[in-house]
Amino acid sequence: MPQARTRGPVDPRLLSRARATRVFLGAGVAAGTATAMLVVYQAWLLARSISSIVATGATEGLGATLVLLAGVLAGRAVLTWLTTWLAHRSAAAVKSQLRHDIMEATLASPGATPSASLVTLMTQGLDGLDGYFSKYLPQLVLAVTVPLIVGASILFSDWQAALIIAVTVPLIPLFMAMVGWTTEARVRRRYRYQTRLARHFADLVAGLPTLQVFGRAKAQAEGLRRTEEANRTETMATLRISFLSALVLELLSSLSVAIVALAIGTRLVYYGIDFRTALFVLILAPEVYLPIRQVGVHYHDSADGVAAAEAAFVEIDRGLPLVGEEHRDGGSVRLEGPLTVDNLTHSYGDVLALPPTSFTLAAGEVVALSGPSGGGKSTLLSALLGFLTPTSGSVTVGGFSQTRFSGREWRSRFAYVPQAPGLIAGTVADNVRLADATATDDEVRDVLAAAGAADLDLDHAVGDEAEGLSAGERRRVGIARALLRIRRGAHVLVLDEPTAGLDADAEATVVESVRSSGASAIVVSHRPAVLAAADRVIEVGVVA
Amino acid sequence: MRSGWQGLVADLVKTVPWGRLRLIAAITLAALASGASISLIGVSAWLISRASEHPVFTDLSVAAVGVRFFGISRGVFRYTERLVGHDLALRMQSALRLRTYTSLAKTTLLGRRHGDMLVRVVADVEAVQDVVVRVVLPFASAVVVMAGTTAMLARFSVGSALVLLGTAVLAGLVLPWWAQRASRAADNAAVPLRGELANQVRETALSAVDLVAYDADVAALARIDALDAELRAVERRATFVRAFASGAQVLAAGAAVIAALWIGGQAVVDGAIAPRLLAVLVLTPLALHEVLGGLAQAAQTLTRAQSALARVVDVLDAEPVGRGDAAVGDASSEPYVRVSDLAVGWPGFGAVASGISFDLVAGQSVAVVGPSGVGKTTLAATVLGLIPAVSGSVETQGRIGYLAQDAHLFATTVAENVRIGNKDATDEEVVGALAEAGLPLDPERVVGELGATLSGGEARRLALSRLLAGSYDVLVLDEPSEHLDAPTANALLDDLWASVGTRPLLVVTHDESVVARCDRVVRLG
């Protein structure tokens, strides 16, 4: 879990991680300052020309003023364009970097995050940063520069109006902070709630085939309706509170403008102020509050953006290396010799997932792992392959400990087939060629045949989530891939239930291929044919 | 009736209780909020101009009340509008989710692709919120405010009012429309790219172990980076247009102010209007244009939303395949399955197996065997009545329970998962079914996505326990011993056969030990 921290308007990790954020903030301050100065000049031009026409009843010099006004407005147009453009570039740069970092983290600790949450985060989640950069941050900058510059201009013209503004402006961030503090927890909860709802909905849709088999799919619509109802009620309750901040801002800012207008109106009647100054102040007064108000309007963009960034950082932190890279010096060592597992155990918290296990695998030996389901066989394989750091015990090859190698170096020795091999979209051949992109068609056909899938066409399309292949075919493609890797120099086959879903003939072919590959093999299986073919059977998960 | 996304949105408004009234209320409140903002400036300008003529103070009192009223009401109107608008949008979204789910539930999905369903249903359906809150409400209220402001100013200066209307239409309607058109190609290109990115992320996450084990992780990361770069380029094109439109809106506002000053100035000089109205004529356009600023982005939101909603409409309009929910059937004391000269296959794809005949009555068991991919699951789906037979006939009587090969485990408690098989199961029945399936788990334990916190064997047993929790007259098992270790599988099969009793049993399998327990064997392929 990320440490609790006081949240400023800009996540410091966004500043430190994404250089684009800093560049953008710098350019934004420059553009904001220029905008504020143009706003003041525009107000001065307008006040001067209106008061002059009213006082003299003539339009002398109006042409020149109009040209100047046109110039000022053109300048503001360019600044608007520039700010929008900069905002997008920064958001895009930050999003790209976070996307990359998140996926890198996902690959560093495979399987740690549900894919649905990851998809939501990588698409809609990070898009929350668009609003953060294109609306919230520019307004935040303007909310600092414009009130300062415009307020100073008012002060030089009429200190009494400036006093009203000076009193009311600080009230706005004060109230905003107060409302923000009280709503922050709820806004976060809402984000979590929505993520959960998205998962619930996706889960329901993914489970539709199962629900249909039990004749329950249509009935679930009622449950969905209730979930939706609950979500709407909860969301509206949150919105009622979080929109309060915007309400307070709008109220304060428009009331302040009204007070300024009434005050200068009264003083005008009694000759306390001249018309030109009064107009100048009236035109500028809303400009002081506008950017502050906009910050309130875009407060939710900020909350979405910060929540997205936080979710991203949780993923990124999760993917940090399991063991410090600095201890790894095994790059130059040739990984050869017997594989020894010595008293290896693993626990998730208090739950013992793998009781102490020891064995040695000699070159060319085929060992079957057996034992009750949930007994730790898959955990053992994960530890062997370096996907998790075992709680205690060691794995060595030829006397060299696993901890001396980077995951990539260590795994170069293994060819792994998980219980449900993950396939990439493409063709069967593409998937086999994960082991070696340069393998010829003949070779691919050859290893497929060895995996009992001689009948699978190389160009057979594999879709999303291995669509187009049966579970058995999927497994055989995984085995073919592993066999190809063995031919390319890996020494140890690691197979998790390789023949589940295969008929007896295909199973026999696979067993024979594992044998004839010459590699050592660790096979998790319950199938009698596989156990019979192994040199030894090791029981895992039976605490002695 | 309108078709496409407009039809869908209009239809959803009608679906929501008091939908039209809510919509009109939200538009009215939005227009009132913007109107209050403009009126505050207009009335203040008049107040100051009049005050500069040093009248008796009471001449200002009505204007002073107006200034206070508009100062307070803007925030209140805006707050109320937001709540009413968001409530309507959320109601419409819920209605659409339900409609999408119901539509999907009607079509048989067993064995069909549902990879991008998550993106489609979750993300596309959310577009309806954007349409209401960010498109319909801002535009509808902007049109009302434009008309109102123009009408007010026309009382003082028709020329100035017409120029204002022109620039307002330009900034509020033409520029957003242009921006939307100009960036539509880019926005449309972004939608499939997002889908592709989502697919790639899902694929990478689901096959992360394999990718890492085969050193293909770097390539996978590069693929995602490449997609991201494409998406970035597309978004950049859309932003260029939006940035240009925002700049042009500032210019339009400038034109309105300059024209007002010019026309109003001449009118004052000519004596056509009182001098005190000049400030009102000049400052009101500024306030109106401030309201129109966000509309360019609103139009762009529409582009994204409408292609998302168009895809939802496709899902809603698709012809259902098969019957969706299996007919579990009525309980029967004489259950049977009669299959004669049956050909099976997915609708529209021809037969994968044919000439299948067998009779199955109480006290019997039939094993269906055959090589992988020969249509065993298709046969099971046909027997369950999920899809129609290609030819031949299936007759059944009694409640049929089916154990699928790839049963989905829901991200909820173990007990809730068991109750998929029998929603009325008592806690004792749930515990009993779990025990019978050899899975003595805590019923309150929460199962992760795709059963992630269970091992392969445990997941299969949990799926099996659903069947044991319900009282089914006929059982269809698809590879019941798969993933279970031999002793447990044997014990389980013993228990299973014992609990089956005299119920007709159809087993799809290639496990010889299972086949050996059956009375008869039907070979496919």
# chains A, B, ... in the order shown; residues from 1 in each chain; ligands from 1
call {"tool": "closest_atom_pairs", "arguments": {"of": "chain B", "to": "chain A", "cutoff": "6 Å", "atoms": "only C-alpha atoms", "output": "Markdown table"}}
result
| residue | atom | partner | partner_atom | distance |
| --- | --- | --- | --- | --- |
| B:Ser44 | CA | A:Ala261 | CA | 5.8 |
| B:Ile48 | CA | A:Gly265 | CA | 4.9 |
| B:Ala51 | CA | A:Val269 | CA | 5.0 |
| B:Ser52 | CA | A:Leu268 | CA | 5.4 |
| B:His54 | CA | A:Val269 | CA | 4.4 |
| B:Val67 | CA | A:Ala258 | CA | 5.6 |
| B:Arg68 | CA | A:Ala258 | CA | 5.9 |
| B:Gly71 | CA | A:Leu255 | CA | 4.6 |
| B:Ile72 | CA | A:Leu251 | CA | 5.8 |
| B:Gly75 | CA | A:Glu250 | CA | 4.8 |
| B:Tyr79 | CA | A:Leu247 | CA | 5.8 |
| B:Ser94 | CA | A:Glu228 | CA | 5.7 |
| B:Ala105 | CA | A:Ala217 | CA | 5.7 |
| B:Leu109 | CA | A:Pro209 | CA | 5.2 |
| B:Leu110 | CA | A:Pro209 | CA | 4.7 |
| B:Gly115 | CA | A:Asp464 | CA | 5.7 |
| B:Leu118 | CA | A:Ala202 | CA | 5.3 |
| B:Ala198 | CA | A:Val119 | CA | 5.4 |
| B:Arg202 | CA | A:Ser115 | CA | 5.5 |
| B:Ala205 | CA | A:Ser115 | CA | 5.7 |
| B:Ser207 | CA | A:Gly422 | CA | 3.9 |
| B:Ala208 | CA | A:Pro110 | CA | 5.1 |
| B:Val209 | CA | A:Pro110 | CA | 5.5 |
| B:Asp210 | CA | A:Gly422 | CA | 5.9 |
| B:Tyr214 | CA | A:Ala435 | CA | 5.8 |
| B:Ala243 | CA | A:Trp81 | CA | 4.7 |
| B:Phe244 | CA | A:Trp81 | CA | 5.8 |
| B:Gly247 | CA | A:Ala77 | CA | 4.2 |
| B:Val250 | CA | A:Ala77 | CA | 5.2 |
| B:Gly254 | CA | A:Leu73 | CA | 5.8 |
| B:Val269 | CA | A:Gly57 | CA | 5.2 |
| B:Pro275 | CA | A:Val54 | CA | 5.3 |
| B:Gly324 | CA | A:Gln212 | CA | 5.9 |
| B:Asp325 | CA | A:Gln212 | CA | 4.1 |
| B:Ala326 | CA | A:Gly215 | CA | 4.6 |
| B:Pro371 | CA | A:Asp503 | CA | 5.9 |
| B:Ala407 | CA | A:Thr210 | CA | 5.7 |
| B:His408 | CA | A:Gly207 | CA | 5.2 |
| B:Ser455 | CA | A:Gly374 | CA | 5.6 |
| B:Gly457 | CA | A:Ser373 | CA | 5.2 |
| B:Asp485 | CA | A:His526 | CA | 4.6 |
| B:Ala486 | CA | A:His526 | CA | 5.5 |
| B:His510 | CA | A:Asp503 | CA | 5.6 |
call {"tool": "residues_around", "arguments": {"residues": "Leu153 (chain B)", "least_positions_apart": "5", "cutoff": "10 Å", "atoms": "only C-alpha atoms", "output": "ChimeraX atom specification"}}
result
/B:42,148,158-162,164-165,277,280-281,284-285
call {"tool": "write_last_selection", "arguments": {"atoms": "C-alpha atoms", "output": "PDB file, in the first residue's frame"}}
result
ATOM      1  CA  GLY B  42     -25.018  43.486 -17.666  1.00  0.00           C
ATOM      2  CA  GLY B 148     -32.156  35.336 -24.657  1.00  0.00           C
ATOM      3  CA  VAL B 158     -30.463  45.850 -33.062  1.00  0.00           C
ATOM      4  CA  GLY B 159     -27.192  46.142 -34.970  1.00  0.00           C
ATOM      5  CA  SER B 160     -25.053  45.317 -31.961  1.00  0.00           C
ATOM      6  CA  ALA B 161     -27.380  42.461 -31.010  1.00  0.00           C
ATOM      7  CA  LEU B 162     -27.145  40.980 -34.497  1.00  0.00           C
ATOM      8  CA  LEU B 164     -23.377  39.458 -31.068  1.00  0.00           C
ATOM      9  CA  LEU B 165     -25.696  36.734 -32.338  1.00  0.00           C
ATOM     10  CA  LEU B 277     -26.282  51.773 -22.160  1.00  0.00           C
ATOM     11  CA  VAL B 280     -23.979  47.248 -21.077  1.00  0.00           C
ATOM     12  CA  LEU B 281     -23.631  46.784 -24.852  1.00  0.00           C
ATOM     13  CA  THR B 284     -22.497  41.757 -22.045  1.00  0.00           C
ATOM     14  CA  PRO B 285     -20.872  40.131 -25.140  1.00  0.00           C
TER      15      PRO B 285
END
call {"tool": "select_by_dssp", "arguments": {"residues": "region 389-427 of chain A", "states": "strand (DSSP E or B)", "output": "list in words"}}
result
Ser392, Gly393, Ser394, Val395, Thr396, Val397, Phe400, Ser401, Phe414, Ala415, Tyr416, Val417, Gly426 and Thr427 of chain A
call {"tool": "write_last_selection", "arguments": {"atoms": "C-alpha atoms", "output": "PDB file, in the first residue's frame"}}
result
ATOM      1  CA  SER A 392      13.337 -20.067   2.488  1.00  0.00           C
ATOM      2  CA  GLY A 393      15.504 -22.726   0.900  1.00  0.00           C
ATOM      3  CA  SER A 394      17.523 -22.556  -2.284  1.00  0.00           C
ATOM      4  CA  VAL A 395      17.654 -23.604  -5.902  1.00  0.00           C
ATOM      5  CA  THR A 396      21.043 -24.211  -7.489  1.00  0.00           C
ATOM      6  CA  VAL A 397      22.292 -25.366 -10.857  1.00  0.00           C
ATOM      7  CA  PHE A 400      25.430 -21.842  -8.532  1.00  0.00           C
ATOM      8  CA  SER A 401      22.577 -20.283  -6.612  1.00  0.00           C
ATOM      9  CA  PHE A 414      14.247 -23.430 -18.803  1.00  0.00           C
ATOM     10  CA  ALA A 415      11.405 -24.075 -21.196  1.00  0.00           C
ATOM     11  CA  TYR A 416       8.129 -23.634 -19.352  1.00  0.00           C
ATOM     12  CA  VAL A 417       4.577 -24.712 -20.162  1.00  0.00           C
ATOM     13  CA  GLY A 426      -1.761 -14.146 -34.385  1.00  0.00           C
ATOM     14  CA  THR A 427      -1.264 -17.622 -35.804  1.00  0.00           C
TER      15      THR A 427
END
call {"tool": "residues_around", "arguments": {"residues": "Asp519 (chain B)", "least_positions_apart": "4", "cutoff": "9 Å", "atoms": "only C-alpha atoms", "output": "PDB file with N, CA and C atoms, in the first residue's frame"}}
result
ATOM      1  N   GLN B 364     -28.769 -45.287 -16.137  1.00  0.00           N
ATOM      2  CA  GLN B 364     -27.767 -45.536 -17.179  1.00  0.00           C
ATOM      3  C   GLN B 364     -26.740 -44.417 -17.216  1.00  0.00           C
ATOM      4  N   SER B 365     -25.567 -44.749 -17.785  1.00  0.00           N
ATOM      5  CA  SER B 365     -24.587 -43.709 -18.041  1.00  0.00           C
ATOM      6  C   SER B 365     -23.975 -43.926 -19.419  1.00  0.00           C
ATOM      7  N   VAL B 366     -23.780 -42.818 -20.131  1.00  0.00           N
ATOM      8  CA  VAL B 366     -23.198 -42.891 -21.473  1.00  0.00           C
ATOM      9  C   VAL B 366     -21.963 -42.008 -21.494  1.00  0.00           C
ATOM     10  N   ALA B 367     -20.856 -42.545 -21.998  1.00  0.00           N
ATOM     11  CA  ALA B 367     -19.643 -41.752 -22.177  1.00  0.00           C
ATOM     12  C   ALA B 367     -19.541 -41.364 -23.645  1.00  0.00           C
ATOM     13  N   VAL B 515     -14.423 -43.483 -18.566  1.00  0.00           N
ATOM     14  CA  VAL B 515     -15.146 -44.265 -19.576  1.00  0.00           C
ATOM     15  C   VAL B 515     -15.510 -45.634 -18.998  1.00  0.00           C
TER      16      VAL B 515
END
call {"tool": "closest_residue", "arguments": {"among": "B:Val257, B:Ala380, B:Val169, B:Val174", "to": "Leu342 (chain B)", "atoms": "only C-alpha atoms"}}
result
B:Ala380
call {"tool": "residues_around", "arguments": {"residues": "Leu278 (chain B)", "least_positions_apart": "4", "cutoff": "9 Å", "atoms": "only C-alpha atoms", "output": "PDB file with N, CA and C atoms, in the first residue's frame"}}
result
ATOM      1  N   ILE A  50     -14.944  53.677 -23.401  1.00  0.00           N
ATOM      2  CA  ILE A  50     -16.360  53.834 -23.030  1.00  0.00           C
ATOM      3  C   ILE A  50     -16.558  55.143 -22.269  1.00  0.00           C
ATOM      4  N   ILE A  53     -16.308  58.146 -24.561  1.00  0.00           N
ATOM      5  CA  ILE A  53     -17.495  58.367 -25.405  1.00  0.00           C
ATOM      6  C   ILE A  53     -18.644  58.924 -24.563  1.00  0.00           C
ATOM      7  N   VAL A  54     -18.830  58.335 -23.378  1.00  0.00           N
ATOM      8  CA  VAL A  54     -19.925  58.783 -22.526  1.00  0.00           C
ATOM      9  C   VAL A  54     -19.711  60.245 -22.104  1.00  0.00           C
TER      10      VAL A  54
ATOM     11  N   ALA B  45     -23.074  46.728 -15.071  1.00  0.00           N
ATOM     12  CA  ALA B  45     -22.628  47.784 -15.991  1.00  0.00           C
ATOM     13  C   ALA B  45     -23.668  48.909 -16.040  1.00  0.00           C
ATOM     14  N   TRP B  46     -24.919  48.532 -16.070  1.00  0.00           N
ATOM     15  CA  TRP B  46     -25.971  49.554 -16.095  1.00  0.00           C
ATOM     16  C   TRP B  46     -25.958  50.364 -14.792  1.00  0.00           C
ATOM     17  N   SER B  49     -23.053  52.770 -14.773  1.00  0.00           N
ATOM     18  CA  SER B  49     -23.271  53.851 -15.735  1.00  0.00           C
ATOM     19  C   SER B  49     -24.318  54.835 -15.209  1.00  0.00           C
ATOM     20  N   ALA B 260     -19.338  45.885 -30.799  1.00  0.00           N
ATOM     21  CA  ALA B 260     -20.256  46.535 -29.867  1.00  0.00           C
ATOM     22  C   ALA B 260     -19.769  47.937 -29.529  1.00  0.00           C
ATOM     23  N   LEU B 261     -18.466  48.051 -29.352  1.00  0.00           N
ATOM     24  CA  LEU B 261     -17.902  49.366 -29.015  1.00  0.00           C
ATOM     25  C   LEU B 261     -18.076  50.325 -30.194  1.00  0.00           C
ATOM     26  N   GLY B 264     -22.056  50.726 -30.813  1.00  0.00           N
ATOM     27  CA  GLY B 264     -22.611  51.421 -29.647  1.00  0.00           C
ATOM     28  C   GLY B 264     -22.096  52.846 -29.562  1.00  0.00           C
ATOM     29  N   GLY B 265     -20.792  53.029 -29.840  1.00  0.00           N
ATOM     30  CA  GLY B 265     -20.188  54.367 -29.801  1.00  0.00           C
ATOM     31  C   GLY B 265     -20.881  55.288 -30.785  1.00  0.00           C
ATOM     32  N   ALA B 267     -23.853  54.949 -31.972  1.00  0.00           N
ATOM     33  CA  ALA B 267     -25.240  55.152 -31.555  1.00  0.00           C
ATOM     34  C   ALA B 267     -25.330  56.222 -30.470  1.00  0.00           C
ATOM     35  N   VAL B 268     -24.336  56.231 -29.568  1.00  0.00           N
ATOM     36  CA  VAL B 268     -24.325  57.254 -28.522  1.00  0.00           C
ATOM     37  C   VAL B 268     -24.111  58.633 -29.161  1.00  0.00           C
ATOM     38  N   ILE B 273     -29.021  55.904 -28.622  1.00  0.00           N
ATOM     39  CA  ILE B 273     -29.194  55.263 -27.316  1.00  0.00           C
ATOM     40  C   ILE B 273     -28.642  56.165 -26.222  1.00  0.00           C
ATOM     41  N   ALA B 274     -29.146  55.953 -25.015  1.00  0.00           N
ATOM     42  CA  ALA B 274     -28.645  56.722 -23.876  1.00  0.00           C
ATOM     43  C   ALA B 274     -27.195  56.314 -23.612  1.00  0.00           C
ATOM     44  N   VAL B 282     -21.240  46.737 -24.407  1.00  0.00           N
ATOM     45  CA  VAL B 282     -19.866  46.261 -24.609  1.00  0.00           C
ATOM     46  C   VAL B 282     -19.533  45.093 -23.671  1.00  0.00           C
ATOM     47  N   LEU B 283     -19.997  45.169 -22.427  1.00  0.00           N
ATOM     48  CA  LEU B 283     -19.580  44.147 -21.450  1.00  0.00           C
ATOM     49  C   LEU B 283     -20.407  42.855 -21.542  1.00  0.00           C
TER      50      LEU B 283
END
call {"tool": "residues_around", "arguments": {"residues": "Gly401 (chain B)", "least_positions_apart": "6", "cutoff": "9 Å", "atoms": "only C-alpha atoms", "output": "list of chain:residue names"}}
result
A:Val213, A:Phe214, B:Val328, B:Leu384, B:Gly421, B:Leu467, B:Gly470, B:Ser471, B:Tyr472, B:Asp473, B:Val474, B:Leu475, B:Val476, B:Leu477
call {"tool": "closest_residue", "arguments": {"among": "B:Trp18, B:Tyr402, B:Trp497, B:Phe349", "to": "Arg517 (chain B)", "atoms": "only C-alpha atoms"}}
result
B:Trp497
call {"tool": "residues_around", "arguments": {"residues": "Thr21 (chain A)", "least_positions_apart": "5", "cutoff": "9 Å", "atoms": "only C-alpha atoms", "output": "list in words"}}
result
Leu14, Leu15, Ser16, Gly26, Ser90, Ala91, Ala93, Val94 and Phe133 of chain A
